[in-house]
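So the structure is just underneath, and the comments pick up after that.
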Amino acid sequence: MNAKAFTSPLRVDFLILGSGAAGLLAAARLQRHGRVAIVSKGTTHDSNTWFAQGGIAGVLAADDSVENHVQDTLAAGAGLCRESVVREIIRRSGAIIRELIDIGTTFDTHGEALHLTREGGHSKRRIAHARDATGRAIARALQAQLGADVLRLCGYTAIDLITSHHIGDYSGPNRCLGCYLLAPNGQVLSVAARHTILATGGAGKVYLYTSNPHGASGDGIAMAWRAGCTIANMEFIQFHPTCLFHRDGSNLLLSEALRGEGAHIVDAQGRRFVFDYDPRGELAPRDIVARAIDHEMKKQGTDCMFLDARPLGEATIQRQFPNIQRSLQRLGLDLNRAPVPIVPAAHYTCGGIDTRLDGSTAIENLHAIGEVACSGLHGANRLASNSLLECLVMADCCAQTILSHPAPAPRHIPAWDDSGVEPEGERIPIKQNWEEIRATMSHYVGIVRSNERLRRAKRRLLLIQHEIDDYFWRHPVSRDLIELRNLAQVALLIVRSAQMRHESRGLHYSTDYPLTLPEARETLIPPAEESKT
Ligand code: SIN
């Protein structure tokens, strides 16, 4: 169905923002129970899921157990996981992976069994994968589940959620009524929905180096914050240790599975330095490996370190990592020939909208699932390949909750108010502001933080945010401007959360507070705190 046939307000039962694994499974579960619209900013390929290489972790091997996987997840999470959520998600891992197989996901096999790979922090081989393009295989299988009645809105950008409080109805708790969408033709569409699901992914784009696709600008987190949700644990940004360092391929990830199968991290002299930091070497959890690389780069005054995949041998590289190898070869690099330059890059937002396992939020009929949410699975550091699992289990639970709590169709949905919009005048330099935010975050709020760096970042970001806010309501909206506004908001939430944590834990390391406090506490920013960020 083509969205151009609809005029504002568009009425649906279930509005799903984001078309990665979480959004797709939610759509598949809900499609027989009402009218579903699934929205992507770009094409259906522009999700973090589409780019996920390594795989999906689950309890699949005879020598593994739910308890082993739970313990590995809790250890990585450094005291901040919500244990009941961890247990429930991992308990369901086998069933959800079997369902993926049943709907046509072609995971690699070894004889009759699944081929399971290994990644940092896992005590067992437990990662099901489809060569080095697992996310794509899962997304394709899920997309094939969607019927023709599901409305696919590609090229639409969500601007803001519409809530009962937003339209001046304070007669009850805040309820989500839908959202405003910028259509590809520049019109703003009001969408009324019984239930709205945010499945918009993370915010890797707040950093200069990131493995995330362009659209990862934290839209869902920023919109939920503006609408009145609590935001949790935003200081925990996971940096993937091995992103390609190259002018023309800056967001190409070199999957952790390469290290799982035997690749080494070396400096320019070929020395495996990670063992100086942890006896597990390259297979220590990501925070440790990323900090080791960052530290060595600063100590040695270099721009990058290297990943040496030659120990794997050509046959393994060809069989398991054909896509990574092809992408590298296009840039004149080759895993079989020489170590490849790498740099740690922002990869995963562990914090997000504070939710339960089923994605429910502080706002009625608003749900958040997958990376946009902070369900409690990851705590202070996500265990590799747990995220696709979380997306799918949360989507499943979310659909169940929605179906058991029917919500009324919203009656009055106001049109987008563009009364203050002036004819196009001087444009704020959007590209320059994007770059300034990303540079500020990378230099001051990266892998290692300090009070002074955070103060400097906050000063700069507040200035940029005021400029953007002032501009936003006086000019026609565009995708770039919407993302810039969200990026600034999310950057400030990260800084604010980092300032609230007076210790080092998991992915958050501060030179002013190098120790871990005995009691682990979540960082919660309730909406009333907004004025302080
Ligand atoms: C990777 O392939 O290294 C990414 C896996 C993940 O982040 O879970």
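Please note that chains go A, B, ... in the order of the structure tokens, that every chain numbers its residues from 1, and that ligands are numbered from 1 in the order shown.
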
* To do: Could you pull out the residues in region 58-209 of chain A that DSSP calls alpha helix (DSSP H) from the backbone, as a PyMOL selection string?
  => chain A and resi 66-76+83-91+93-102+134-143

Convert the current residue selection to file output with C-alpha atoms, as a CSV table (one decimal), in the first residue's frame.
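Result went into out.csv, see below:
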```
chain,number,residue,atom,x,y,z
A,66,VAL,CA,20.5,-20.6,30.8
A,67,GLU,CA,22.5,-20.1,34.0
A,68,ASN,CA,25.8,-19.8,32.2
A,69,HIS,CA,24.4,-17.2,29.8
A,70,VAL,CA,22.7,-15.3,32.6
A,71,GLN,CA,26.0,-15.2,34.6
A,72,ASP,CA,28.0,-13.9,31.6
A,73,THR,CA,25.4,-11.2,31.0
A,74,LEU,CA,25.3,-10.1,34.7
A,75,ALA,CA,29.1,-10.1,34.8
A,76,ALA,CA,29.3,-7.8,31.7
A,83,GLU,CA,18.3,-9.8,36.9
A,84,SER,CA,14.6,-10.9,36.4
A,85,VAL,CA,14.7,-9.3,32.9
A,86,VAL,CA,18.0,-11.0,32.1
A,87,ARG,CA,16.7,-14.4,33.2
A,88,GLU,CA,13.4,-14.0,31.2
A,89,ILE,CA,15.1,-12.9,28.0
A,90,ILE,CA,17.7,-15.6,28.1
A,91,ARG,CA,15.1,-18.3,29.0
A,93,SER,CA,16.4,-17.4,23.6
A,94,GLY,CA,16.2,-20.9,22.3
A,95,ALA,CA,12.6,-20.6,21.3
A,96,ILE,CA,13.0,-17.3,19.5
A,97,ILE,CA,16.0,-18.5,17.5
A,98,ARG,CA,14.1,-21.6,16.5
A,99,GLU,CA,11.2,-19.4,15.4
A,100,LEU,CA,13.7,-17.4,13.2
A,101,ILE,CA,14.8,-20.7,11.6
A,102,ASP,CA,11.2,-21.7,11.0
A,134,THR,CA,23.3,-12.0,10.5
A,135,GLY,CA,21.1,-9.0,10.9
A,136,ARG,CA,20.3,-8.9,7.3
A,137,ALA,CA,19.3,-12.5,7.2
A,138,ILE,CA,17.0,-12.0,10.2
A,139,ALA,CA,15.5,-8.8,8.8
A,140,ARG,CA,14.8,-10.4,5.4
A,141,ALA,CA,13.0,-13.3,7.1
A,142,LEU,CA,10.9,-11.0,9.3
A,143,GLN,CA,10.1,-8.7,6.4
```

* Asked: Do you know which residues are within 6 Å of ligand 1 using only C-alpha atoms and all ligand atoms? Can you write them as number ranges by chain?
  -> A: 53-54, 255-257, 384-385

Would you put the residues from that selection into a file with all heavy atoms, as a PDB file, in the first residue's frame?
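result_28.pdb written:
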```pdb
ATOM      1  N   GLN A  53      26.458  -7.759  12.290  1.00  0.00           N
ATOM      2  CA  GLN A  53      27.274  -8.809  11.673  1.00  0.00           C
ATOM      3  C   GLN A  53      27.285 -10.082  12.498  1.00  0.00           C
ATOM      4  O   GLN A  53      26.890 -11.155  12.072  1.00  0.00           O
ATOM      5  CB  GLN A  53      28.716  -8.301  11.515  1.00  0.00           C
ATOM      6  CG  GLN A  53      28.858  -7.131  10.575  1.00  0.00           C
ATOM      7  CD  GLN A  53      30.280  -6.605  10.516  1.00  0.00           C
ATOM      8  OE1 GLN A  53      31.133  -6.973  11.318  1.00  0.00           O
ATOM      9  NE2 GLN A  53      30.542  -5.733   9.567  1.00  0.00           N
ATOM     10  N   GLY A  54      27.780  -9.938  13.746  1.00  0.00           N
ATOM     11  CA  GLY A  54      28.160 -11.091  14.561  1.00  0.00           C
ATOM     12  C   GLY A  54      27.092 -12.149  14.722  1.00  0.00           C
ATOM     13  O   GLY A  54      27.279 -13.298  14.326  1.00  0.00           O
ATOM     14  N   SER A 255      33.791  -7.494  12.726  1.00  0.00           N
ATOM     15  CA  SER A 255      33.033  -8.223  13.747  1.00  0.00           C
ATOM     16  C   SER A 255      33.918  -8.842  14.836  1.00  0.00           C
ATOM     17  O   SER A 255      34.996  -9.370  14.554  1.00  0.00           O
ATOM     18  CB  SER A 255      32.230  -9.338  13.069  1.00  0.00           C
ATOM     19  OG  SER A 255      31.610 -10.122  14.057  1.00  0.00           O
ATOM     20  N   GLU A 256      33.365  -8.806  16.037  1.00  0.00           N
ATOM     21  CA  GLU A 256      34.051  -9.424  17.171  1.00  0.00           C
ATOM     22  C   GLU A 256      34.250 -10.926  16.937  1.00  0.00           C
ATOM     23  O   GLU A 256      35.150 -11.544  17.510  1.00  0.00           O
ATOM     24  CB  GLU A 256      33.206  -9.190  18.420  1.00  0.00           C
ATOM     25  CG  GLU A 256      33.895  -9.625  19.675  1.00  0.00           C
ATOM     26  CD  GLU A 256      33.430  -8.831  20.877  1.00  0.00           C
ATOM     27  OE1 GLU A 256      32.996  -7.670  20.710  1.00  0.00           O
ATOM     28  OE2 GLU A 256      33.519  -9.362  21.977  1.00  0.00           O
ATOM     29  N   ALA A 257      33.413 -11.496  16.072  1.00  0.00           N
ATOM     30  CA  ALA A 257      33.558 -12.922  15.766  1.00  0.00           C
ATOM     31  C   ALA A 257      34.924 -13.207  15.134  1.00  0.00           C
ATOM     32  O   ALA A 257      35.450 -14.315  15.248  1.00  0.00           O
ATOM     33  CB  ALA A 257      32.433 -13.374  14.843  1.00  0.00           C
ATOM     34  N   ALA A 384      28.144  -8.984  24.061  1.00  0.00           N
ATOM     35  CA  ALA A 384      28.032  -9.048  22.596  1.00  0.00           C
ATOM     36  C   ALA A 384      26.909  -9.983  22.174  1.00  0.00           C
ATOM     37  O   ALA A 384      26.705 -11.041  22.774  1.00  0.00           O
ATOM     38  CB  ALA A 384      29.354  -9.549  22.021  1.00  0.00           C
ATOM     39  N   SER A 385      26.200  -9.581  21.136  1.00  0.00           N
ATOM     40  CA  SER A 385      25.153 -10.377  20.483  1.00  0.00           C
ATOM     41  C   SER A 385      23.915 -10.632  21.346  1.00  0.00           C
ATOM     42  O   SER A 385      23.069 -11.450  21.006  1.00  0.00           O
ATOM     43  CB  SER A 385      25.708 -11.707  19.942  1.00  0.00           C
ATOM     44  OG  SER A 385      26.512 -11.420  18.818  1.00  0.00           O
TER      45      SER A 385
END
```

* Interatomic distance, CA of Phe107 (chain A) to CA of Ser387 (chain A) (Å, one decimal) ->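 One can read the CA of Phe107 (chain A) to CA of Ser387 (chain A) distance as 16.9 Å.
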
* Residue nearest Val343 (chain A) among A:Arg125, A:His214, A:His246, A:Arg259 (counting only C-alpha atoms) -> A:His246

Please, which residues in region 206-230 of chain A fall within 12 Å of region 38-44 of chain A when counting only C-alpha atoms, and what is the closest atom pair and distance in Å to one decimal for each, ordered by chain then residue number, as a Markdown table?
```
| residue | atom | partner | partner_atom | distance |
| --- | --- | --- | --- | --- |
| A:Pro213 | CA | A:Gly42 | CA | 10.7 |
| A:His214 | CA | A:Gly42 | CA | 9.6 |
| A:Gly215 | CA | A:Lys41 | CA | 7.2 |
| A:Ala216 | CA | A:Lys41 | CA | 10.2 |
| A:Ser217 | CA | A:Lys41 | CA | 11.0 |
| A:Asp219 | CA | A:Lys41 | CA | 10.5 |
```

Using only C-alpha atoms, which residues of region 295-394 of chain A come within 8 Å of region 166-185 of chain A, and what is the closest atom pair for each, with the distance in Å to one decimal? Give it as CSV, sorted by chain and residue number.
```
residue,atom,partner,partner_atom,distance
A:Ile363,CA,A:Arg175,CA,5.4
A:Glu364,CA,A:Arg175,CA,4.5
A:Asn365,CA,A:Cys176,CA,5.5
A:Leu366,CA,A:Cys176,CA,5.5
```

Contacts of Arg485 (chain A) at 8 Å or less, counting only C-alpha atoms, minus same-chain residues fewer than 3 places along, as a short mmCIF file (atom, residue, chain, number, x, y, z; two decimals) with C-alpha atoms, in the first residue's frame?
```cif
data_model
loop_
_atom_site.label_atom_id
_atom_site.label_comp_id
_atom_site.auth_asym_id
_atom_site.auth_seq_id
_atom_site.Cartn_x
_atom_site.Cartn_y
_atom_site.Cartn_z
CA GLN A 465 20.84 23.34 21.63
CA ILE A 468 18.68 24.83 17.30
CA ASP A 469 15.54 25.21 19.46
CA PHE A 472 13.37 24.90 14.91
CA LEU A 481 16.95 19.58 11.26
CA ILE A 482 14.82 17.01 13.12
CA ALA A 488 21.73 17.69 20.62
CA GLN A 489 19.14 16.49 23.13
#
```

* Distance query Met297 (chain A) at most 12 Å, only C-alpha atoms, self and fewer than 3 positions along chain excluded, as a PyMOL selection string -> chain A and resi 266-268+273+290-294+300-306+341-344

Could you write those residues out with N, CA, C and O atoms, as a compact mmCIF listing (two decimals), in the first residue's frame?
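New file out.txt:
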```txt
# COMPACT_ATOMS: atom_id res chain seq x y z
N VAL A 266 46.83 -5.80 17.40
CA VAL A 266 48.27 -5.51 17.52
C VAL A 266 48.53 -4.02 17.31
O VAL A 266 47.70 -3.31 16.74
N ASP A 267 49.70 -3.57 17.76
CA ASP A 267 50.11 -2.19 17.45
C ASP A 267 50.91 -2.20 16.15
O ASP A 267 51.05 -3.25 15.50
N ALA A 268 51.44 -1.04 15.79
CA ALA A 268 52.14 -0.95 14.49
C ALA A 268 53.35 -1.86 14.42
O ALA A 268 53.80 -2.25 13.35
N PHE A 273 49.09 -6.17 22.57
CA PHE A 273 49.20 -5.42 23.83
C PHE A 273 48.01 -5.62 24.77
O PHE A 273 48.08 -5.26 25.94
N ALA A 290 38.30 -1.95 24.38
CA ALA A 290 38.23 -0.61 23.79
C ALA A 290 39.10 0.37 24.59
O ALA A 290 39.81 1.20 24.00
N ARG A 291 39.07 0.26 25.92
CA ARG A 291 39.90 1.16 26.74
C ARG A 291 41.38 0.88 26.52
O ARG A 291 42.20 1.79 26.47
N ALA A 292 41.73 -0.41 26.37
CA ALA A 292 43.13 -0.77 26.14
C ALA A 292 43.61 -0.14 24.83
O ALA A 292 44.71 0.45 24.76
N ILE A 293 42.78 -0.21 23.79
CA ILE A 293 43.17 0.36 22.49
C ILE A 293 43.30 1.88 22.62
O ILE A 293 44.28 2.49 22.17
N ASP A 294 42.30 2.49 23.26
CA ASP A 294 42.31 3.94 23.43
C ASP A 294 43.57 4.38 24.18
O ASP A 294 44.25 5.34 23.80
N GLN A 300 51.02 5.84 22.56
CA GLN A 300 51.94 5.74 21.43
C GLN A 300 51.78 6.91 20.45
O GLN A 300 52.51 7.01 19.47
N GLY A 301 50.79 7.77 20.71
CA GLY A 301 50.57 8.94 19.85
C GLY A 301 50.16 8.56 18.43
O GLY A 301 50.59 9.19 17.46
N THR A 302 49.32 7.52 18.29
CA THR A 302 48.91 7.09 16.94
C THR A 302 47.40 7.25 16.77
O THR A 302 46.67 7.37 17.75
N ASP A 303 46.96 7.19 15.52
CA ASP A 303 45.54 7.38 15.21
C ASP A 303 44.77 6.07 15.23
O ASP A 303 43.54 6.07 15.16
N CYS A 304 45.48 4.94 15.22
CA CYS A 304 44.77 3.66 15.12
C CYS A 304 45.66 2.52 15.63
O CYS A 304 46.85 2.72 15.86
N MET A 305 45.04 1.38 15.83
CA MET A 305 45.76 0.12 16.07
C MET A 305 45.38 -0.81 14.93
O MET A 305 44.76 -0.36 13.95
N PHE A 306 45.66 -2.11 15.04
CA PHE A 306 45.44 -3.00 13.90
C PHE A 306 44.80 -4.32 14.32
O PHE A 306 45.03 -4.78 15.44
N PRO A 341 43.82 -1.48 9.77
CA PRO A 341 43.76 -0.41 10.79
C PRO A 341 42.37 -0.32 11.45
O PRO A 341 41.35 -0.35 10.76
N ILE A 342 42.38 -0.20 12.77
CA ILE A 342 41.10 -0.15 13.51
C ILE A 342 41.10 0.97 14.54
O ILE A 342 42.17 1.43 14.97
N VAL A 343 39.91 1.34 14.94
CA VAL A 343 39.74 2.35 15.99
C VAL A 343 38.46 1.99 16.75
O VAL A 343 37.53 1.45 16.15
N PRO A 344 38.39 2.21 18.07
CA PRO A 344 37.11 1.98 18.76
C PRO A 344 36.06 2.98 18.28
O PRO A 344 36.38 4.15 18.06
```

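Backbone DSSP of region 80-173 of chain A yields strand (DSSP E) at Thr109, His110, Ala113, Leu114, Leu116, Thr117, Ile127, Ala128, Leu151, Arg152, Leu153, Cys154, Thr157, Ala158, Ile159, Asp160, Leu161, Ile162 and Thr163 of chain A.
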
* To do: Just the residues within 8 Å of region 391-404 of chain A, please, counting only C-alpha atoms, with nothing from its chain fewer than 5 positions along; format it as a count of residues only.
  => 21

* **Counting only C-alpha atoms, the option among A:Val150, A:Leu454, A:Leu208, A:Ala520 closest to Trp434 (chain A)** => A:Leu208

* **Å distance separating CA of Val495 (chain A) from CA of His378 (chain A), one decimal place** =>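 Those two atoms sit 19.4 Å apart.
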
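The shortest atom-to-atom distance to Thr349 (chain A), with only C-alpha atoms taken into account, belongs to A:Phe239 out of A:Tyr209, A:Tyr509, A:Phe51, A:Phe239.
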
* To do: For Leu517 (chain A), work out the shell of residues within 12 Å, counting only C-alpha atoms and skipping chain neighbours fewer than 6 positions away, then give it as number ranges by chain.
  => A: 78-80, 501-506

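Distance-wise, CA of Asn486 (chain A) and CA of Gly218 (chain A) end up 6.2 Å apart.
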
* Structure fact -> Closest of A:Arg337, A:Arg280, A:His122, A:Arg226 to Ile525 (chain A), counting only C-alpha atoms, is A:Arg226

* To do: Find the residues around Arg326 (chain A) up to 12 Å (only C-alpha atoms counted), leave out those fewer than 4 positions away in its own chain, and share them as a ChimeraX atom specification.
  => /A:132,252,254,317-318,320-322,330-336
